[in-house]
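To keep things clear, I will list the structure first and then write my remarks on it.
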Amino acid sequence: MLAIVGPSGCGKSTLLEALGLLLRPSELGRYTLGPDGTDLAALLQANNESALAEIRSRELGFLLQNGGLLPFLSVRDNITLPRRLLGLPASSERVRHACVTLGLEPLLDKRPGALSIGERQRTAFVRAMAHEPRLLLADEPTAALDPQAGERLFGLILSLVQELDMAALVVSHDRSLVAQFSLPRLAANLTSGGCRFAPEP
Amino acid sequence: MRPSPSRAALILRLAIQDLWHDRQVSLCIAAALVAVIAPLLLLFGLKHGVVSQLQRELLDDPRNLEVRMLTSGSYDEAWLDDVRALPGVGFAIGLTRSLNTQADLLKDRRHFLKGVELVPSAIGDPLLADLSRYPQGSGVVLSEPAARRLDVAPGERLTLAASRRLEGQQERGRVEVEVIGVLDAARFPRPAAFIDLELLIELERFRDGHASPLLGVTSGAQRADYPLRYARARIFASEGEAVAGVVEQLEAQRIETASRLADIENVRAINRVLGLIFGVIALTALVGCLASMAGAFMANIDRKRREYAVLRLLGLKRPAVAAYVAVQVGLLSLIAFVAGLGLFALGAAVFNRALATSHLASGVVSHITAAHALIALALTLGVALLVAAIGVARAFSIQPAESLREA
């Protein structure tokens, strides 16, 4: 799990969108994914939308700042939607385990509108990892929460990511939170010409 | 990740769940459509009811098929055969000179009618079609006013009498006839007797000064070679559409006619005008409905921009999004159509109840045929298709990346 940190407006989200195949970079050196090294750079340059959409839905998981849950589906349906869209069995051991760990089991039949923000973000996290993506992209998942709840969610995400052996990129502006969990960081260095993200020791 | 049946079912279910979750807004959109469909159906039902009642009245009333000859002449049997052979002529029978188409009918001293109109008739006479009995020999059919004044019923016997003045002598011929039917006043409002043509000719000859054993008068001329001549003819077209043609052909023979062609034209004109009025109203309403539905749906899609973006992010491609929108529009339209049809049925029942008690509009019913309902459904789906196309165009502009950005 790698954190992307930096002040507001430095382009953290833009980086995430580019990595999430949602933006087409004007210049791109190399971008491969997975052990077989799918060449995403070539697909991006060819603007092969259909292939990109397929990789996005299969290999990537998005955890959005606002949850991005569908209000007309129950928690359970929201969580299983990515799996069902991919034609996978609706339930899996990992999802069940994540629900238990995150305390979502009593909430499964509720609509997102009936949940607290913390509960929504936990649901959104399970949805993001339900289809077992190679890479989880999280955009300020704790920004809408109070510090304690944010810390708790961050911890839960971290432990699950480690336990389930996923790769995750988490964008955060909260350096202290990232430091607290001693995550490796990509830090933004604002220069006059733009912004450069580099690993921080 | 090919589109599979289960995936299609999933998108269908998502679309329905979305609609149901937002049922208040969904109902509003459907209501906009119902508000157009129901009144249009009611209006069309009334128009159709009025026009078909007018047409039925025209078709049901054989008097509307009659082409009356205004000019008299001298026509023989061959001419009559030619008339019968004219295209569009359904029935034709000769008439004697108009002075001789009258006689007196007597039942007893208190019940008699002087100068009753005599109408020659035979099998196939459209006026008597409902009775299915035709005058033959001494059997006569009375019009209802005549039967009422004479106080007779079918089966009773009457005396038919006519007078003539021969060589300064007043003579009266009599023949006993049997009432075999009574014709409704709606078909023939004047007192009249429908009689066998032979009897009418016999009466004319009697008046012309011939002896007539049938009428019980032996004085007068006895000529076997008396030429059979008709002054006019009773002519009926075979159907309403044929009246104009028959009139035209008779006028080509310089025979002036009177017919209800104007009435038939009136119904056609009313149908045309009502059709035009309905068409303009329907078009206005449809355009308004299209605009309102498209607007509501576009606002709805804009409101749910983020949800659409999330769906795209989760891997729904554009065709899937198009299907999603189309399912929602189609479903709402179908619901609206069914509701509109139900409201039409209710409204039509109210109309029909009111119409049934109104003397003026008796027989008029508001109703539509299955074909009309299908056309209405097709129009509804046409509107839905347009709305869906507009909605899909809107939804296509939504990028999956929008889900990441705060609105």
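Residue numbering restarts at 1 for every chain of the structure tokens, chains are lettered A, B, ... in their displayed order, and ligands are numbered from 1 as they appear.
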Which residues of chain A come within 9 Å of chain B, and for each one, what is the closest pair of atoms and their distance in Å to one decimal, counting only C-alpha atoms, sorted by chain and residue number, as CSV?
```
residue,atom,partner,partner_atom,distance
A:Ser13,CA,B:Leu404,CA,8.0
A:Glu17,CA,B:Ala401,CA,7.0
A:Gly20,CA,B:Ala401,CA,8.9
A:Leu22,CA,B:Ala401,CA,5.5
A:Leu23,CA,B:Ala401,CA,7.6
A:Ser50,CA,B:Lys317,CA,7.6
A:Ala53,CA,B:Gly315,CA,5.8
A:Glu54,CA,B:Gly315,CA,6.4
A:Ile55,CA,B:Gly315,CA,8.7
A:Arg56,CA,B:Gly315,CA,7.0
A:Ser57,CA,B:Gly315,CA,4.8
A:Arg58,CA,B:Gly315,CA,8.1
A:Gly61,CA,B:Leu314,CA,8.5
A:Phe62,CA,B:Leu313,CA,8.2
A:Leu63,CA,B:Leu404,CA,8.9
A:Leu64,CA,B:Leu404,CA,6.0
A:Gln65,CA,B:Leu404,CA,7.1
A:Asn66,CA,B:Glu406,CA,8.0
A:Gly68,CA,B:Val310,CA,6.3
A:Leu69,CA,B:Glu307,CA,7.8
A:Leu70,CA,B:Glu307,CA,6.1
A:Pro71,CA,B:His21,CA,7.8
A:Phe72,CA,B:His21,CA,5.2
A:Leu73,CA,B:Gln17,CA,7.1
A:Leu81,CA,B:Leu314,CA,8.3
A:Pro82,CA,B:Leu314,CA,6.1
A:Arg84,CA,B:Arg7,CA,7.7
A:Leu85,CA,B:Arg7,CA,6.4
A:Leu86,CA,B:Met1,CA,7.0
A:Gly87,CA,B:Arg7,CA,7.4
A:Asp139,CA,B:Leu404,CA,7.5
```
Who sits within 8 Å of stretch 165-181 of chain B, only C-alpha atoms, same chain under 6 positions skipped, as a compact mmCIF listing (two decimals) with C-alpha atoms, in the first residue's frame:
```txt
# COMPACT_ATOMS: atom_id res chain seq x y z
CA LEU B 131 -89.95 -6.28 -42.30
CA ARG B 133 -92.42 -8.98 -46.00
CA PRO B 135 -96.67 -6.40 -50.67
CA SER B 138 -103.83 -7.83 -52.08
CA GLY B 139 -101.29 -7.80 -49.27
CA VAL B 140 -100.27 -4.26 -48.27
CA VAL B 141 -97.80 -2.77 -45.84
CA LEU B 142 -98.98 0.32 -43.98
CA VAL B 152 -105.29 -1.80 -37.61
CA ALA B 153 -102.70 -4.48 -36.97
CA PRO B 154 -101.12 -6.96 -39.37
CA GLY B 155 -103.61 -9.62 -40.38
CA GLU B 156 -106.59 -7.29 -40.43
CA ARG B 157 -108.47 -6.44 -43.60
CA LEU B 158 -109.21 -3.06 -45.08
CA THR B 159 -111.02 -1.68 -48.08
CA PHE B 206 -109.46 2.39 -63.56
CA GLY B 209 -111.65 4.99 -67.69
CA LEU B 214 -110.69 -6.44 -59.61
CA LEU B 215 -112.17 -3.19 -58.32
CA GLY B 216 -115.69 -4.34 -58.99
CA VAL B 217 -116.43 -1.90 -61.82
CA GLY B 220 -115.58 1.54 -69.17
```
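Within stretch 32-176 of chain A, DSSP applied to the backbone places the following residues in strand (DSSP E or B): Thr32, Leu33, Thr38, Asp39, Leu60, Gly61, Phe62, Leu63, Leu135, Leu136, Leu137, Ala138, Asp139, Ala167, Ala168, Leu169, Val170, Val171 and Ser172 of chain A.
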Counting only C-alpha atoms, what is within 7 Å of B:Phe91, bar same-chain residues fewer than 3 positions away, as a compact mmCIF listing (two decimals) with N, CA and C atoms, in the first residue's frame?
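around-v4.txt was written with the following content:
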```txt
# COMPACT_ATOMS: atom_id res chain seq x y z
N ARG B 84 -82.11 -0.26 -63.73
CA ARG B 84 -81.71 -1.32 -62.78
C ARG B 84 -80.28 -1.78 -63.06
N GLY B 124 -87.10 -6.71 -52.30
CA GLY B 124 -85.85 -5.96 -52.45
C GLY B 124 -85.99 -4.49 -52.12
N ASP B 125 -87.20 -4.03 -51.84
CA ASP B 125 -87.38 -2.61 -51.50
C ASP B 125 -86.63 -2.32 -50.20
N ILE B 235 -86.07 4.93 -57.12
CA ILE B 235 -84.73 4.39 -57.35
C ILE B 235 -83.94 4.47 -56.05
N PHE B 236 -83.28 3.37 -55.73
CA PHE B 236 -82.42 3.35 -54.54
C PHE B 236 -81.00 2.92 -54.95
N ALA B 237 -80.04 3.61 -54.41
CA ALA B 237 -78.65 3.19 -54.62
C ALA B 237 -78.37 1.97 -53.74
```
Exercise. Would you list, as a PyMOL selection string, the residues of stretch 12-155 of chain A that end up in alpha helix (DSSP H) under DSSP run on this structure's backbone?
Key: chain A and resi 12-19+40-46+49-59+75-85+93-102+117-130+147-155
Distance query A:Pro133 at most 9 Å, only C-alpha atoms, self and fewer than 3 positions along chain excluded, as a PDB file with C-alpha atoms, in the first residue's frame:
```pdb
ATOM      1  CA  SER A  57     -13.672  -2.880 -14.446  1.00  0.00           C
ATOM      2  CA  ARG A  58     -11.718  -6.105 -14.032  1.00  0.00           C
ATOM      3  CA  GLU A  59      -8.292  -5.157 -12.770  1.00  0.00           C
ATOM      4  CA  LEU A  60      -8.892  -1.904 -10.948  1.00  0.00           C
ATOM      5  CA  GLY A  61     -10.991  -1.021  -7.938  1.00  0.00           C
ATOM      6  CA  ALA A 128     -13.958  -1.515  -4.559  1.00  0.00           C
ATOM      7  CA  MET A 129     -12.242  -4.792  -3.636  1.00  0.00           C
ATOM      8  CA  ALA A 130     -15.152  -7.193  -4.170  1.00  0.00           C
ATOM      9  CA  LEU A 136      -7.080  -0.520  -5.532  1.00  0.00           C
ATOM     10  CA  MET A 166      -3.670  -6.427  -2.748  1.00  0.00           C
ATOM     11  CA  ALA A 167      -1.856  -3.436  -4.149  1.00  0.00           C
TER      12      ALA A 167
END
```
Practice problem: Name all residues at most 10 Å from A:Leu156 (count only C-alpha atoms; drop same-chain ones fewer than 5 positions away) and give them as a PyMOL selection string. | Solution: chain A and resi 98+101-102+122+125+150-151+161-162
Could you write out the selected residues, including N, CA and C atoms, as a short mmCIF file (atom, residue, chain, number, x, y, z; two decimals), in the first residue's frame?
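File produced: part.cif:
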```cif
data_model
loop_
_atom_site.label_atom_id
_atom_site.label_comp_id
_atom_site.auth_asym_id
_atom_site.auth_seq_id
_atom_site.Cartn_x
_atom_site.Cartn_y
_atom_site.Cartn_z
N ALA A 98 -14.42 -9.55 4.48
CA ALA A 98 -14.30 -8.11 4.60
C ALA A 98 -15.51 -7.52 5.30
N THR A 101 -15.15 -8.20 9.01
CA THR A 101 -14.11 -7.36 9.60
C THR A 101 -14.57 -5.92 9.75
N LEU A 102 -15.30 -5.44 8.74
CA LEU A 102 -15.70 -4.03 8.76
C LEU A 102 -17.03 -3.82 9.46
N ARG A 122 -17.07 2.42 4.34
CA ARG A 122 -16.66 1.02 4.50
C ARG A 122 -17.31 0.16 3.42
N PHE A 125 -15.56 0.67 0.25
CA PHE A 125 -14.28 -0.05 0.21
C PHE A 125 -14.51 -1.51 -0.17
N GLY A 150 -11.86 8.47 10.63
CA GLY A 150 -10.96 8.37 9.49
C GLY A 150 -9.80 7.45 9.82
N GLU A 151 -9.27 7.62 11.00
CA GLU A 151 -8.15 6.81 11.42
C GLU A 151 -8.53 5.34 11.49
N VAL A 161 -6.04 -4.78 3.21
CA VAL A 161 -5.21 -4.80 2.01
C VAL A 161 -4.02 -5.72 2.23
N GLN A 162 -3.43 -5.61 3.44
CA GLN A 162 -2.27 -6.48 3.71
C GLN A 162 -2.68 -7.93 3.82
#
```
